[in-house]
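**Q** Sharing a structure with you now.
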Amino acid sequence: MRIITVSREFGSGGRELGKRLATELGWDYYDREIIAEIARKCSVSEDYAHYMLGQTFSSSAAITMGQSFHIPEVLQSTQIKLLREQTNVIKEIAARDRDCVIVGRNADLLLRDYNPLNIFVCADTASKIKRCAERSGKDENLSEKELLKNMKAIDKNRKNSREMISDSPWGDPKGYNLIINTSGVEIKKLIPSVAVFAKGWFESKDKD
């Protein structure tokens, strides 16, 4: 079984890259499906699960979710339950023993024992704002300033979420096997090369 995890800056196109890569390789793909499963198991709406799992936490109290997580004392029991379930769902995906691409959710850390290929997708600010503007709903109509504010807030949440379970900084090149900068690039044109890299990476691991 081979697993690729995709971590990304908001607006960098990491979700699109992960989806296209899974299609190119013929592998299973997991992204929003993880939230849907967490919501089902916890009997909450997907929007609620997504919101609660995306919150920034500033203080910490340790609880165990298969490993050491640091969770704020003020965190409600529902939030703790959602975080635990997220760990369970991701590990259940790995236990299916099928090649897959998983986007986000700190899967690179949770599945480190499976030796996944960990990708981090980034881009310059102008490219991220352009991509966000192009994909915003017709009723959103956010200004560039508002888009930038949202981008920073979401990336801060992702950084803090990673810090809850690891000393490896979010976005630090040393924590990933491949860094992809999508600035000014059409993502679909990158996929064949990324797929070749992934196949070669796993082949080299199989020979170790």
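Chain labels A, B, ... are given in the sequence in which chains occur in the structure tokens; within each chain residues are numbered consecutively from 1, and ligands are likewise numbered from 1 in the order shown.
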List every residue of chain A that DSSP, applied to the backbone of this structure, places in strand (DSSP E or B), and write the result as a ChimeraX atom specification.
**A** /A:3-8,28-30,61-64,68-71,100-103,117-122,178-181
**Q** Residues at most 9 Å from stretch 148-158 of chain A, counting only C-alpha atoms, excluding those fewer than 3 positions away in the same chain, as a short mmCIF file (atom, residue, chain, number, x, y, z; two decimals) with C-alpha atoms, in the first residue's frame?
**A**
```
data_model
loop_
_atom_site.label_atom_id
_atom_site.label_comp_id
_atom_site.auth_asym_id
_atom_site.auth_seq_id
_atom_site.Cartn_x
_atom_site.Cartn_y
_atom_site.Cartn_z
CA ARG A 8 -1.00 23.07 1.61
CA GLU A 9 -1.23 26.81 2.05
CA PHE A 10 -4.75 28.08 1.56
CA GLY A 11 -5.23 29.18 -2.04
CA GLY A 54 -10.64 24.38 12.03
CA GLN A 55 -10.49 26.45 15.20
CA THR A 56 -7.31 28.01 16.56
CA PHE A 57 -6.39 27.00 20.10
CA GLY A 104 -4.88 17.88 4.91
CA ARG A 105 -5.89 16.84 8.44
CA ASN A 106 -2.25 16.29 9.49
CA THR A 125 0.47 35.72 -2.27
CA LYS A 128 -3.16 32.54 -4.01
CA ILE A 129 -5.39 35.62 -4.04
CA CYS A 132 -9.24 32.28 -4.35
CA SER A 143 -12.17 42.22 -1.62
CA GLU A 144 -8.48 41.43 -2.00
CA LYS A 145 -7.96 42.61 1.58
CA SER A 161 -3.27 22.38 14.50
CA ARG A 162 0.05 20.86 13.50
CA GLU A 163 1.76 22.24 16.60
CA TRP A 170 3.96 23.58 9.45
#
```
**Q** Could you give me, as a PyMOL selection string, the residues within 8 Å of A:Leu21, counting only C-alpha atoms and dropping anything in the same chain fewer than 6 positions from it?
**A** chain A and resi 101+191+194-195
**Q** How many Å lie between atom CA of A:Lys19 and atom CA of A:Lys205, rounded to one decimal?
**A**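 Separating atom CA of A:Lys19 from atom CA of A:Lys205 is a distance of 23.4 Å.
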**Q** One number please: atom CA of A:Leu53 to atom CA of A:Leu142, in Å, one decimal.
**A**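 Spanning atom CA of A:Leu53 to atom CA of A:Leu142 is a straight-line distance of 23.7 Å.
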**Q** Could you give me, as a list of chain:residue names, the residues within 8 Å of A:Ile119, counting only C-alpha atoms and dropping anything in the same chain fewer than 2 positions from it?
**A**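 Contacts, with the query itself left out: A:Ile4, A:Thr5, A:Val6, A:Ser7, A:Leu117, A:Val121, A:Tyr176, A:Asn177, A:Leu178, A:Ile179, A:Ile180.
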**Q** Near A:Leu111, within 10 Å and counting only C-alpha atoms, which residues show up once chain neighbours fewer than 2 positions away are dropped, as number ranges by chain?
**A** A: 3, 5, 87, 90-91, 93-94, 106-109, 113-116
